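Okay, protein.cif is below, mmCIF, C-alpha atoms:
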```
data_structure
#
loop_
_atom_site.label_atom_id
_atom_site.label_comp_id
_atom_site.auth_asym_id
_atom_site.auth_seq_id
_atom_site.Cartn_x
_atom_site.Cartn_y
_atom_site.Cartn_z
CA MET A 1 0.32 -38.72 28.77
CA LYS A 2 2.26 -39.32 25.58
CA PHE A 3 -0.83 -38.39 23.55
CA ALA A 4 -1.31 -35.18 25.55
CA THR A 5 2.34 -34.28 25.07
CA THR A 6 1.98 -34.78 21.34
CA LEU A 7 -1.06 -32.50 21.25
CA LEU A 8 0.80 -29.82 23.21
CA ALA A 9 3.79 -30.05 20.89
CA GLY A 10 1.50 -29.73 17.89
CA ALA A 11 -0.16 -26.66 19.35
CA LEU A 12 3.18 -25.03 20.01
CA LEU A 13 4.31 -25.76 16.47
CA ALA A 14 1.16 -24.15 15.12
CA ILE A 15 1.68 -21.05 17.25
CA LEU A 16 5.27 -20.68 16.21
CA GLY A 17 4.43 -21.20 12.57
CA THR A 18 6.80 -24.04 11.75
CA ALA A 19 7.94 -23.81 8.14
CA HIS A 20 5.65 -25.57 5.69
CA ALA A 21 4.88 -25.05 2.01
CA ALA A 22 1.89 -22.80 1.47
CA VAL A 23 0.43 -25.03 -1.26
CA GLY A 24 1.12 -28.42 -2.80
CA THR A 25 2.50 -29.03 -6.25
CA GLU A 26 -0.88 -29.90 -7.77
CA GLU A 27 -2.55 -26.76 -6.47
CA ALA A 28 0.36 -24.64 -7.65
CA LYS A 29 -0.25 -25.84 -11.22
CA GLN A 30 -3.16 -23.39 -11.38
CA LEU A 31 -0.64 -20.55 -11.55
CA GLY A 32 -0.27 -19.46 -15.15
CA THR A 33 -3.51 -21.17 -16.20
CA ARG A 34 -6.73 -20.62 -14.24
CA LEU A 35 -4.79 -18.17 -12.10
CA THR A 36 -2.21 -15.64 -13.19
CA ARG A 37 1.33 -16.26 -12.00
CA ILE A 38 0.71 -14.13 -8.90
CA GLY A 39 -2.60 -15.78 -8.06
CA ALA A 40 -5.28 -13.54 -9.59
CA GLU A 41 -8.19 -15.08 -11.46
CA THR A 42 -7.33 -14.99 -15.15
CA ALA A 43 -10.94 -14.95 -16.30
CA GLY A 44 -13.26 -11.99 -16.11
CA ASN A 45 -16.45 -11.99 -14.08
CA ALA A 46 -19.82 -13.34 -15.16
CA ASP A 47 -21.36 -10.10 -16.39
CA GLY A 48 -18.23 -8.80 -18.11
CA THR A 49 -17.73 -5.77 -15.87
CA ILE A 50 -14.32 -7.20 -14.93
CA PRO A 51 -12.41 -8.32 -18.05
CA ALA A 52 -10.03 -11.25 -18.37
CA TYR A 53 -6.39 -10.60 -17.54
CA THR A 54 -4.24 -10.43 -20.67
CA GLY A 55 -0.89 -9.33 -19.29
CA GLY A 56 -1.57 -5.76 -18.25
CA LEU A 57 -0.77 -2.49 -19.97
CA THR A 58 2.77 -2.48 -21.36
CA LYS A 59 2.46 -0.05 -24.24
CA ALA A 60 2.69 3.64 -23.40
CA PRO A 61 -0.06 5.84 -24.83
CA ALA A 62 0.53 8.61 -27.32
CA GLY A 63 2.08 11.61 -25.66
CA PHE A 64 4.39 9.70 -23.35
CA LYS A 65 8.00 10.78 -23.64
CA PRO A 66 10.51 7.95 -23.09
CA GLY A 67 12.50 8.59 -19.94
CA SER A 68 9.84 10.87 -18.51
CA ALA A 69 8.25 10.26 -15.12
CA ILE A 70 5.03 11.98 -16.19
CA ARG A 71 2.71 9.28 -17.50
CA PRO A 72 -0.28 10.39 -19.60
CA ASP A 73 -3.68 8.89 -18.86
CA PRO A 74 -4.28 6.08 -21.38
CA PHE A 75 -8.04 6.31 -20.73
CA ALA A 76 -8.46 10.06 -20.76
CA GLN A 77 -11.34 9.94 -23.27
CA GLU A 78 -13.48 7.50 -21.28
CA LYS A 79 -16.66 8.57 -19.49
CA PRO A 80 -18.13 7.10 -16.28
CA ARG A 81 -20.45 4.18 -16.83
CA VAL A 82 -22.28 5.02 -13.59
CA THR A 83 -22.12 7.68 -10.88
CA ILE A 84 -22.87 6.72 -7.28
CA THR A 85 -24.21 9.27 -4.80
CA ALA A 86 -26.02 9.05 -1.48
CA LYS A 87 -29.30 8.77 -3.41
CA ASN A 88 -28.47 5.55 -5.29
CA MET A 89 -25.75 4.02 -3.09
CA ALA A 90 -28.06 1.27 -1.80
CA GLN A 91 -28.02 -0.25 -5.28
CA TYR A 92 -24.23 -0.69 -5.09
CA GLU A 93 -23.78 -1.19 -1.35
CA GLY A 94 -22.21 -4.63 -1.69
CA GLN A 95 -19.43 -3.22 -3.88
CA LEU A 96 -18.57 -0.30 -1.58
CA THR A 97 -16.15 -0.35 1.32
CA ALA A 98 -17.49 0.80 4.68
CA GLY A 99 -15.37 3.93 4.29
CA ALA A 100 -16.83 4.75 0.88
CA ARG A 101 -20.37 4.29 2.20
CA ALA A 102 -19.61 6.54 5.17
CA LEU A 103 -18.29 9.31 2.91
CA LEU A 104 -21.38 9.13 0.70
CA LYS A 105 -23.64 9.41 3.77
CA LYS A 106 -21.62 12.15 5.47
CA TYR A 107 -21.11 14.45 2.48
CA PRO A 108 -24.07 15.04 0.11
CA ASN A 109 -21.74 16.24 -2.67
CA PHE A 110 -19.38 13.28 -2.49
CA ARG A 111 -19.70 10.98 -5.47
CA ILE A 112 -18.05 7.93 -6.95
CA ASP A 113 -17.59 7.98 -10.72
CA VAL A 114 -17.29 4.37 -11.89
CA TYR A 115 -15.40 3.84 -15.14
CA PRO A 116 -14.88 0.72 -17.28
CA THR A 117 -12.47 -1.68 -15.62
CA HIS A 118 -8.99 -2.16 -17.08
CA ARG A 119 -6.58 -4.71 -15.58
CA THR A 120 -3.47 -2.69 -16.33
CA VAL A 121 -0.96 -4.05 -13.82
CA ALA A 122 2.03 -5.69 -15.54
CA LEU A 123 5.03 -7.23 -13.80
CA PRO A 124 8.51 -8.37 -14.90
CA ASP A 125 8.82 -12.03 -15.87
CA ARG A 126 11.52 -12.63 -13.28
CA VAL A 127 9.11 -11.54 -10.52
CA LEU A 128 6.32 -13.69 -11.95
CA ASP A 129 8.53 -16.75 -12.31
CA SER A 130 9.90 -16.39 -8.79
CA THR A 131 6.34 -16.08 -7.46
CA VAL A 132 5.38 -19.41 -9.03
CA GLU A 133 8.41 -21.03 -7.38
CA ASN A 134 7.64 -19.39 -4.05
CA ALA A 135 4.18 -21.00 -4.03
CA THR A 136 5.65 -24.36 -3.00
CA ARG A 137 8.76 -23.23 -1.12
CA ALA A 138 7.76 -20.18 0.95
CA SER A 139 6.27 -20.45 4.41
CA THR A 140 5.45 -18.30 7.39
CA SER A 141 7.16 -18.44 10.77
CA ASN A 142 6.37 -17.23 14.27
CA GLY A 143 2.65 -17.47 13.80
CA GLY A 144 2.70 -15.62 10.49
CA LEU A 145 4.87 -12.72 11.63
CA GLY A 146 7.92 -13.77 9.61
CA ILE A 147 8.55 -15.68 6.39
CA SER A 148 11.14 -18.07 5.03
CA GLY A 149 11.98 -19.69 1.72
CA ALA A 150 10.91 -16.77 -0.48
CA ILE A 151 13.08 -15.30 -3.23
CA GLY A 152 12.38 -12.23 -5.38
CA GLY A 153 8.64 -12.67 -5.89
CA TYR A 154 5.34 -12.61 -4.06
CA PRO A 155 5.68 -15.26 -1.37
CA PHE A 156 2.11 -16.61 -1.28
CA PRO A 157 0.26 -16.40 -4.61
CA ILE A 158 -2.37 -18.82 -3.27
CA PRO A 159 -2.74 -17.56 0.31
CA LYS A 160 -4.20 -19.67 3.09
CA SER A 161 -4.23 -17.07 5.86
CA GLY A 162 -4.57 -13.35 6.43
CA TYR A 163 -0.89 -13.17 7.35
CA GLU A 164 0.13 -14.67 4.01
CA ALA A 165 -2.07 -12.22 2.11
CA MET A 166 -0.64 -9.27 4.06
CA TRP A 167 2.92 -10.48 3.40
CA ASN A 168 2.08 -10.30 -0.29
CA HIS A 169 1.16 -6.64 0.26
CA LEU A 170 4.26 -5.91 2.34
CA LEU A 171 6.40 -7.53 -0.35
CA ARG A 172 4.42 -6.14 -3.30
CA TYR A 173 6.56 -5.33 -6.29
CA VAL A 174 7.06 -1.59 -6.83
CA GLY A 175 10.50 -1.81 -8.40
CA VAL A 176 13.82 -2.45 -6.69
CA ALA A 177 14.48 1.24 -6.03
CA SER A 178 12.52 4.40 -6.73
CA THR A 179 12.34 8.06 -5.82
CA PHE A 180 9.97 10.98 -6.19
CA LYS A 181 9.29 14.49 -4.93
CA TYR A 182 5.94 15.10 -3.31
CA ASP A 183 3.64 17.27 -1.21
CA ASN A 184 1.36 16.21 1.64
CA TRP A 185 -1.72 18.36 2.21
CA ASN A 186 -4.09 18.51 5.18
CA VAL A 187 -7.62 19.82 4.69
CA ASP A 188 -9.36 20.82 7.92
CA ALA A 189 -13.04 20.49 8.75
CA SER A 190 -13.75 23.99 7.45
CA GLY A 191 -12.30 23.01 4.06
CA LYS A 192 -9.07 24.97 4.36
CA PRO A 193 -6.00 23.19 2.90
CA ALA A 194 -2.56 23.54 4.46
CA LEU A 195 0.76 22.18 3.26
CA ALA A 196 1.84 19.54 5.76
CA THR A 197 5.19 18.55 4.23
CA SER A 198 7.15 18.65 1.03
CA GLY A 199 10.04 16.35 0.47
CA LYS A 200 11.89 13.79 -1.56
CA LEU A 201 11.40 10.12 -0.82
CA PHE A 202 13.62 7.15 -1.62
CA VAL A 203 12.31 3.58 -1.36
CA GLU A 204 14.21 0.35 -1.83
CA TYR A 205 13.21 -3.30 -1.71
CA PRO A 206 16.49 -5.27 -1.52
CA TYR A 207 14.32 -8.39 -1.54
CA TYR A 208 13.76 -7.82 -5.26
CA ASP A 209 17.37 -7.15 -6.17
CA ALA A 210 18.26 -9.64 -8.94
CA LYS A 211 21.63 -10.23 -7.24
CA ASN A 212 19.87 -11.94 -4.33
CA THR A 213 19.55 -15.57 -5.37
CA LYS A 214 19.09 -17.16 -1.95
CA PRO A 215 15.96 -17.18 0.22
CA ALA A 216 15.56 -14.11 2.40
CA GLN A 217 16.87 -14.74 5.92
CA GLU A 218 15.19 -13.55 9.12
CA THR A 219 17.35 -10.46 9.58
CA ASP A 220 17.61 -9.55 5.90
CA VAL A 221 16.25 -6.11 5.01
CA TYR A 222 13.26 -6.31 2.70
CA PHE A 223 12.23 -2.63 2.81
CA ARG A 224 13.89 0.67 3.57
CA THR A 225 12.94 4.26 3.01
CA LYS A 226 14.28 7.71 3.70
CA ILE A 227 12.75 11.13 3.31
CA PHE A 228 14.33 14.56 3.13
CA TYR A 229 11.93 17.36 4.02
CA ASN A 230 12.18 20.84 2.51
CA ALA A 231 8.86 22.44 3.55
CA PRO A 232 7.15 23.93 5.42
CA ALA A 233 9.82 26.11 7.01
CA ARG A 234 9.49 24.47 10.43
CA ARG A 235 10.40 21.07 8.93
CA ALA A 236 12.91 22.12 6.31
CA GLY A 237 16.14 20.20 6.74
CA GLU A 238 14.62 17.27 8.65
CA ALA A 239 15.29 13.75 7.45
CA LEU A 240 13.89 10.34 8.36
CA MET A 241 14.99 6.79 7.65
CA ALA A 242 13.30 3.46 8.45
CA VAL A 243 14.38 -0.14 7.84
CA ASP A 244 12.31 -3.36 8.10
CA VAL A 245 13.58 -6.94 8.10
CA VAL A 246 11.95 -10.23 7.14
CA ASN A 247 11.21 -11.25 10.74
CA PRO A 248 10.43 -8.25 12.99
CA LEU A 249 10.51 -10.46 16.07
CA LYS A 250 14.20 -11.04 15.45
CA ARG A 251 14.90 -7.36 14.83
CA PRO A 252 12.14 -4.73 15.11
CA ARG A 253 11.97 -1.76 12.80
CA ARG A 254 14.95 0.58 13.09
CA ALA A 255 14.34 4.24 12.42
CA TRP A 256 16.37 7.43 12.72
CA LEU A 257 15.44 11.09 12.61
CA TYR A 258 17.69 14.04 11.80
CA LEU A 259 16.67 17.33 13.39
CA PRO A 260 18.56 20.35 12.06
CA GLY A 261 18.03 22.33 15.26
CA GLN A 262 19.94 19.68 17.21
CA ARG A 263 22.44 18.96 14.43
CA ARG A 264 22.35 15.26 15.19
CA VAL A 265 20.71 11.99 14.22
CA LYS A 266 18.77 10.18 16.90
CA LEU A 267 17.07 6.81 17.06
CA ALA A 268 13.32 7.09 16.60
CA PRO A 269 11.70 3.87 17.89
CA ASP A 270 8.21 5.42 17.80
CA ILE A 271 8.10 5.75 14.01
CA SER A 272 5.84 2.71 13.76
CA TYR A 273 2.47 1.28 14.73
CA ASP A 274 -0.09 3.89 15.90
CA THR A 275 2.22 6.81 16.50
CA PRO A 276 0.52 9.78 14.79
CA ASN A 277 2.23 10.75 11.56
CA PRO A 278 2.99 14.49 11.82
CA GLY A 279 2.81 14.76 8.05
CA THR A 280 -0.94 14.06 8.22
CA ALA A 281 -1.91 16.40 11.09
CA GLY A 282 -2.73 13.32 13.13
CA SER A 283 -5.30 12.00 10.65
CA ALA A 284 -3.19 8.87 10.06
CA THR A 285 -0.70 6.71 11.93
CA TYR A 286 2.73 5.65 10.79
CA ASP A 287 1.45 2.16 9.99
CA ASP A 288 -1.32 3.68 7.84
CA SER A 289 1.28 4.67 5.25
CA TRP A 290 0.81 2.63 2.07
CA ILE A 291 -2.49 1.61 3.75
CA PHE A 292 -0.45 -0.72 5.96
CA ASN A 293 3.23 -1.15 6.68
CA GLY A 294 5.44 -2.59 9.41
CA ALA A 295 5.09 -5.54 11.78
CA MET A 296 1.84 -7.49 12.15
CA ASP A 297 2.34 -8.58 15.76
CA ARG A 298 -0.45 -6.48 17.31
CA TYR A 299 -3.29 -8.04 15.31
CA ASP A 300 -4.82 -11.34 14.36
CA PHE A 301 -5.21 -11.31 10.57
CA LYS A 302 -8.09 -13.29 9.05
CA LEU A 303 -8.44 -13.99 5.34
CA VAL A 304 -12.12 -13.36 4.64
CA GLY A 305 -12.01 -14.15 0.93
CA LYS A 306 -12.30 -12.38 -2.40
CA LYS A 307 -14.95 -9.85 -3.41
CA GLU A 308 -15.76 -7.55 -6.32
CA MET A 309 -15.32 -4.03 -4.98
CA LEU A 310 -15.14 -0.47 -6.27
CA VAL A 311 -11.66 0.91 -5.65
CA PRO A 312 -9.55 3.79 -7.02
CA TYR A 313 -7.82 2.45 -10.13
CA ASN A 314 -6.02 3.84 -13.17
CA THR A 315 -6.11 7.23 -11.46
CA TYR A 316 -3.55 8.92 -13.73
CA ARG A 317 -5.63 12.09 -13.74
CA LEU A 318 -5.10 12.45 -9.98
CA THR A 319 -1.60 11.04 -9.69
CA TYR A 320 -0.12 13.46 -12.22
CA HIS A 321 -2.34 16.48 -11.62
CA ASN A 322 -0.08 19.48 -11.19
CA LYS A 323 -2.35 21.90 -9.31
CA ALA A 324 -2.75 20.97 -5.66
CA ALA A 325 -5.50 23.53 -5.14
CA GLU A 326 -7.69 21.62 -7.61
CA VAL A 327 -7.08 18.36 -5.73
CA THR A 328 -7.63 19.50 -2.15
CA THR A 329 -11.27 20.56 -2.33
CA PRO A 330 -13.25 20.96 0.92
CA ARG A 331 -14.17 17.78 2.84
CA PHE A 332 -12.91 15.29 0.24
CA LEU A 333 -10.67 14.94 -2.81
CA ASN A 334 -12.01 16.51 -5.97
CA PRO A 335 -14.29 13.74 -7.37
CA ASP A 336 -13.57 14.93 -10.90
CA LEU A 337 -10.01 13.63 -10.51
CA VAL A 338 -10.74 10.25 -8.90
CA ARG A 339 -11.45 7.28 -11.15
CA TRP A 340 -13.12 4.24 -9.55
CA GLU A 341 -13.28 0.79 -11.13
CA LEU A 342 -14.71 -2.59 -10.21
CA HIS A 343 -11.93 -5.03 -9.32
CA ARG A 344 -11.61 -8.26 -7.39
CA VAL A 345 -9.88 -7.76 -4.08
CA TRP A 346 -8.80 -10.00 -1.25
CA VAL A 347 -10.46 -8.94 2.01
CA VAL A 348 -8.41 -9.28 5.20
CA GLU A 349 -9.73 -8.46 8.67
CA ALA A 350 -7.30 -7.50 11.43
CA THR A 351 -8.50 -7.70 15.04
CA LEU A 352 -6.43 -6.31 17.90
CA LYS A 353 -4.93 -9.07 20.02
CA PRO A 354 -5.78 -9.22 23.73
CA GLY A 355 -3.27 -7.21 25.72
CA LYS A 356 -1.97 -5.33 22.66
CA ARG A 357 -2.34 -1.58 22.17
CA HIS A 358 -3.40 0.33 19.08
CA ILE A 359 -5.90 3.13 18.41
CA TYR A 360 -7.62 0.85 15.87
CA ALA A 361 -9.39 -2.11 17.42
CA LYS A 362 -10.24 -3.53 14.02
CA ARG A 363 -9.10 -2.92 10.46
CA THR A 364 -10.35 -4.26 7.15
CA PHE A 365 -7.96 -4.28 4.21
CA TYR A 366 -8.77 -4.64 0.52
CA LEU A 367 -5.89 -6.04 -1.57
CA ASP A 368 -5.90 -5.79 -5.37
CA GLU A 369 -5.79 -9.30 -6.88
CA ASP A 370 -3.56 -8.20 -9.78
CA SER A 371 -0.83 -6.57 -7.66
CA TRP A 372 -1.50 -7.48 -4.00
CA THR A 373 -1.44 -3.75 -3.27
CA ALA A 374 -3.71 -2.62 -0.43
CA LEU A 375 -6.03 -0.14 -2.14
CA SER A 376 -8.30 0.65 0.79
CA ALA A 377 -8.80 0.13 4.50
CA ASP A 378 -11.56 0.70 7.05
CA GLN A 379 -10.37 1.42 10.60
CA TYR A 380 -12.58 1.05 13.69
CA ASP A 381 -12.17 2.43 17.20
CA ALA A 382 -12.46 0.53 20.50
CA ASN A 383 -16.25 0.97 20.48
CA GLY A 384 -16.58 -0.64 17.06
CA LYS A 385 -17.34 2.67 15.34
CA LEU A 386 -15.88 3.37 11.91
CA TYR A 387 -13.13 5.87 12.65
CA ARG A 388 -11.06 6.38 9.50
CA ALA A 389 -11.03 5.36 5.85
CA SER A 390 -7.95 5.10 3.64
CA PHE A 391 -7.53 4.80 -0.11
CA ALA A 392 -4.48 4.29 -2.36
CA HIS A 393 -4.76 5.33 -5.99
CA MET A 394 -3.41 2.78 -8.43
CA SER A 395 -1.85 4.14 -11.64
CA PRO A 396 0.61 1.54 -12.97
CA SER A 397 3.86 2.72 -14.52
CA TYR A 398 3.27 1.07 -17.88
CA ASP A 399 6.75 1.97 -19.14
CA ALA A 400 8.40 0.05 -16.29
CA LYS A 401 5.98 -2.87 -15.68
CA THR A 402 5.59 -1.60 -12.14
CA PRO A 403 2.44 -0.90 -10.11
CA ASN A 404 2.22 2.57 -8.57
CA ALA A 405 -0.25 3.41 -5.81
CA GLU A 406 1.81 5.98 -3.94
CA THR A 407 -0.79 8.77 -3.82
CA GLN A 408 -2.99 8.10 -0.79
CA VAL A 409 -5.82 9.79 1.06
CA PHE A 410 -6.77 9.37 4.72
CA TYR A 411 -10.20 10.48 5.93
CA ASP A 412 -10.85 11.02 9.64
CA LEU A 413 -14.60 10.52 9.82
CA THR A 414 -14.82 11.85 13.37
CA SER A 415 -13.03 15.17 12.98
CA GLY A 416 -13.86 15.79 9.32
CA VAL A 417 -10.17 16.28 8.49
CA TYR A 418 -8.51 14.55 5.56
CA ASN A 419 -4.96 14.23 4.28
CA VAL A 420 -3.64 13.52 0.81
CA SER A 421 -0.12 12.12 0.84
CA PHE A 422 2.52 11.76 -1.86
CA LEU A 423 0.93 14.14 -4.31
CA MET A 424 3.65 14.11 -6.93
CA GLY A 425 2.00 15.76 -9.93
CA PRO A 426 3.27 19.28 -9.13
CA TYR A 427 6.82 17.97 -9.58
CA ASP A 428 7.14 14.82 -11.64
CA GLY A 429 6.30 11.19 -11.06
CA VAL A 430 8.00 8.08 -9.74
CA ARG A 431 11.46 7.43 -11.15
CA TYR A 432 12.89 3.91 -11.00
CA ILE A 433 16.57 4.04 -10.19
CA ASN A 434 19.50 1.83 -9.29
CA PRO A 435 19.81 1.01 -5.59
CA LEU A 436 21.79 3.56 -3.62
CA PRO A 437 25.25 2.59 -2.31
CA ALA A 438 25.15 0.87 1.08
CA ASN A 439 26.77 3.84 2.80
CA GLU A 440 23.82 6.00 1.73
CA TRP A 441 21.70 4.01 4.19
CA SER A 442 23.79 4.82 7.25
CA PRO A 443 22.63 7.28 9.95
CA ASP A 444 25.68 9.42 9.20
CA ALA A 445 24.58 9.82 5.59
CA LEU A 446 21.17 10.90 6.83
CA ALA A 447 22.78 13.68 8.84
CA GLY A 448 24.94 14.89 5.98
CA ALA A 449 22.06 15.11 3.53
CA GLY A 450 19.67 16.69 5.97
CA ILE A 451 21.77 19.70 6.95
CA ARG A 452 20.23 22.96 5.76
#
```
Could you express the structure from this file as structure tokens?
Amino acid sequence: MKFATTLLAGALLAILGTAHAAVGTEEAKQLGTRLTRIGAETAGNADGTIPAYTGGLTKAPAGFKPGSAIRPDPFAQEKPRVTITAKNMAQYEGQLTAGARALLKKYPNFRIDVYPTHRTVALPDRVLDSTVENATRASTSNGGLGISGAIGGYPFPIPKSGYEAMWNHLLRYVGVASTFKYDNWNVDASGKPALATSGKLFVEYPYYDAKNTKPAQETDVYFRTKIFYNAPARRAGEALMAVDVVNPLKRPRRAWLYLPGQRRVKLAPDISYDTPNPGTAGSATYDDSWIFNGAMDRYDFKLVGKKEMLVPYNTYRLTYHNKAAEVTTPRFLNPDLVRWELHRVWVVEATLKPGKRHIYAKRTFYLDEDSWTALSADQYDANGKLYRASFAHMSPSYDAKTPNAETQVFYDLTSGVYNVSFLMGPYDGVRYINPLPANEWSPDALAGAGIR
């Protein structure tokens, strides 16, 4: 009986995710040598198509104006080393996501221009150093749904589970605070584009604030965002705010919506999970934003391993393109503006838990090894059919040592509709700012700023 009780206690501890160091001291010594300080392989691949990591791109190219948020393409003169179409895709099938393969099969004119790979992501030393320390002090809790012991860096540079890898994405470094103006466009099955929303977005990661020198606690805010909409006319004056904490089981996402017609702020508990995002004409859910965001409690996350995959990378030409009409071509983004490169990515599979609800029964995520940013996802319906494909376009802000993959595209493979979100080129780019005062994150402030 005592033995059985011990087994039961052990099982319960495993389910609840009792705090334990992700890796031992000896394994952590790989960070900064064989592995970069955030856990990427330092060396290139065997055939040289992925180069060694040498610190990322930190020198702005000619034409960049200090203080500007428009970042010129440092590789503008390069030509594709190969072009993939439906005719030759079988040769590269192992390097293509399911979504990319589906687009090639569905649309004869869709193509993937593959350029030389550049590992351009650079990060501040304080983030890198904290990540190395987190390797032996951070742990998951509540079966992977929360974390503890992490301070100001990626929590799990040598991940042992899908939850740890996804926490690295959720806590990816994109600066402490940033803002940008943007447009979201929907393109229907006939190829007609329509402006979904225009607005100004603010994002903050208090987790990365240098003033925070103690491990993040369960109810500490790690992410918050607010958006002020100014177009189209039916949405002008609306505002939205969402806040996530380190352990969503202790306090789920809080969100508020300001509607000018009602002149009041109201709680918006549905701005999460699989609620359709109105800014995408229903072609994406709220938790599709940034490829994935929010709580992980509806899925089991499995770490499949690392693969060499073709993903959108160094896409400055798209990110800063100032003519939306040249981006939103019928059926898919203008291939002339999308740069693809071969990079190593962590593959994580998410399977819907029994008894849980979501329109996606399975999701596969592809996380960039140099930034832990989710660059792509394949989403499947309840019948196991590929339903949607998502891509984020990495174009690091070399002047700020900060990854940037804000511009995203969501393809609905069933309806033929697609959405491009956070197209910022017509305005500017991402600006890295000081955190807003605390009172700017109150519901009352949302109401005041949203009044038209």
Which of these, A:Asn277, A:Thr54, A:Thr213, A:Thr85, has the shortest distance to Arg101 (chain A) once you count only C-alpha atoms?
->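 Nearest to Arg101 (chain A): A:Thr85.
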If you apply the PyMOL selection byres ((chain A and resi 227) around 7) to this file, what residues do you get, as a VMD selection string?
-> chain A and resid 199 to 202 225 to 226 228 to 229 239 to 241
Return the single residue from A:Phe422, A:Phe391, A:Tyr207, A:Phe292 that is closest to Glu406 (chain A), with distances computed using all atoms listed in the file.
-> A:Phe422
When you draw a straight line from CA of Ser198 (chain A) to CA of Leu413 (chain A), how long is it in Å?
-> 24.8 Å
What are the nearest atom pairs, with distances in Å to one decimal, for all residues of region 100-207 of chain A that come at most 12 Å from region 61-70 of chain A, using only C-alpha atoms, set out by chain and rising residue number as a Markdown table?
```
| residue | atom | partner | partner_atom | distance |
| --- | --- | --- | --- | --- |
| A:Ser178 | CA | A:Ala69 | CA | 11.1 |
| A:Thr179 | CA | A:Ala69 | CA | 10.4 |
| A:Phe180 | CA | A:Ala69 | CA | 9.1 |
| A:Lys181 | CA | A:Ala69 | CA | 11.1 |
```
Can you spit out the residues from that selection as a short mmCIF file (atom, residue, chain, number, x, y, z; two decimals), in the frame of the given file, using C-alpha atoms?
```
data_model
loop_
_atom_site.label_atom_id
_atom_site.label_comp_id
_atom_site.auth_asym_id
_atom_site.auth_seq_id
_atom_site.Cartn_x
_atom_site.Cartn_y
_atom_site.Cartn_z
CA SER A 178 12.52 4.40 -6.73
CA THR A 179 12.34 8.06 -5.82
CA PHE A 180 9.97 10.98 -6.19
CA LYS A 181 9.29 14.49 -4.93
#
```
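Interatomic distance, CA of Ala135 (chain A) to CA of Ala22 (chain A): 6.2 Å.
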For the contact check between region 294-362 of chain A and region 116-133 of chain A, emit one row per residue of region 294-362 of chain A within 8 Å, containing the shortest atom pair and the distance in Å rounded to one decimal, counting all atoms listed in the file, chain then rising number order, as CSV.
```
residue,atom,partner,partner_atom,distance
A:Asn314,CA,A:Thr120,CA,7.7
A:Glu341,CA,A:Thr117,CA,5.2
A:Leu342,CA,A:Thr117,CA,5.9
A:His343,CA,A:Thr117,CA,7.2
```
Nearby residues (only C-alpha atoms) at most 8 Å from Pro232 (chain A), same-chain spacing under 3 positions excluded, as number ranges by chain | A: 195-198, 235-236
How many Å separate CA of Tyr366 (chain A) from CA of Val348 (chain A)?
->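 Straight-line distance from CA of Tyr366 (chain A) to CA of Val348 (chain A) works out to 6.6 Å.
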Selection under test: the PyMOL selection byres ((chain A and resi 92) around 12); residues as a compact mmCIF listing (two decimals) with C-alpha atoms, keeping the file's coordinate frame:
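Once written, selection.txt looks like this:
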```
# COMPACT_ATOMS: atom_id res chain seq x y z
CA VAL A 82 -22.28 5.02 -13.59
CA THR A 83 -22.12 7.68 -10.88
CA ILE A 84 -22.87 6.72 -7.28
CA THR A 85 -24.21 9.27 -4.80
CA ALA A 86 -26.02 9.05 -1.48
CA LYS A 87 -29.30 8.77 -3.41
CA ASN A 88 -28.47 5.55 -5.29
CA MET A 89 -25.75 4.02 -3.09
CA ALA A 90 -28.06 1.27 -1.80
CA GLN A 91 -28.02 -0.25 -5.28
CA GLU A 93 -23.78 -1.19 -1.35
CA GLY A 94 -22.21 -4.63 -1.69
CA GLN A 95 -19.43 -3.22 -3.88
CA LEU A 96 -18.57 -0.30 -1.58
CA THR A 97 -16.15 -0.35 1.32
CA ALA A 98 -17.49 0.80 4.68
CA ALA A 100 -16.83 4.75 0.88
CA ARG A 101 -20.37 4.29 2.20
CA LEU A 104 -21.38 9.13 0.70
CA ILE A 112 -18.05 7.93 -6.95
CA VAL A 114 -17.29 4.37 -11.89
CA GLU A 308 -15.76 -7.55 -6.32
CA MET A 309 -15.32 -4.03 -4.98
CA LEU A 310 -15.14 -0.47 -6.27
CA LEU A 342 -14.71 -2.59 -10.21
```
Kindly extract all protein, DNA and RNA residues lying within 9 Å of the coordinates (-9.4, -1.1, 17.1) given in the file, considering all atoms listed in the file, and supply them as a list in words.
-> Ala350, Thr351, Leu352, Arg357, His358, Ile359, Tyr360, Ala361, Lys362, Arg363, Gln379, Tyr380, Asp381, Ala382, Asn383, Gly384 and Lys385 of chain A
Give me the result of the PyMOL selection byres ((chain A and resi 388) around 7) on this file, residue by residue, as a short mmCIF file (atom, residue, chain, number, x, y, z; two decimals) with C-alpha atoms, keeping the file's coordinate frame.
```cif
data_model
loop_
_atom_site.label_atom_id
_atom_site.label_comp_id
_atom_site.auth_asym_id
_atom_site.auth_seq_id
_atom_site.Cartn_x
_atom_site.Cartn_y
_atom_site.Cartn_z
CA ASP A 378 -11.56 0.70 7.05
CA GLN A 379 -10.37 1.42 10.60
CA TYR A 380 -12.58 1.05 13.69
CA LEU A 386 -15.88 3.37 11.91
CA TYR A 387 -13.13 5.87 12.65
CA ALA A 389 -11.03 5.36 5.85
CA SER A 390 -7.95 5.10 3.64
CA TYR A 411 -10.20 10.48 5.93
CA ASP A 412 -10.85 11.02 9.64
CA LEU A 413 -14.60 10.52 9.82
#
```
Which residue, A:Asn45, A:Ser376, A:Asn142, A:Ser272, has the smallest gap to Gly99 (chain A) when you use all atoms listed in the file?
->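 Closest residue, counting all atoms listed in the file: A:Ser376.
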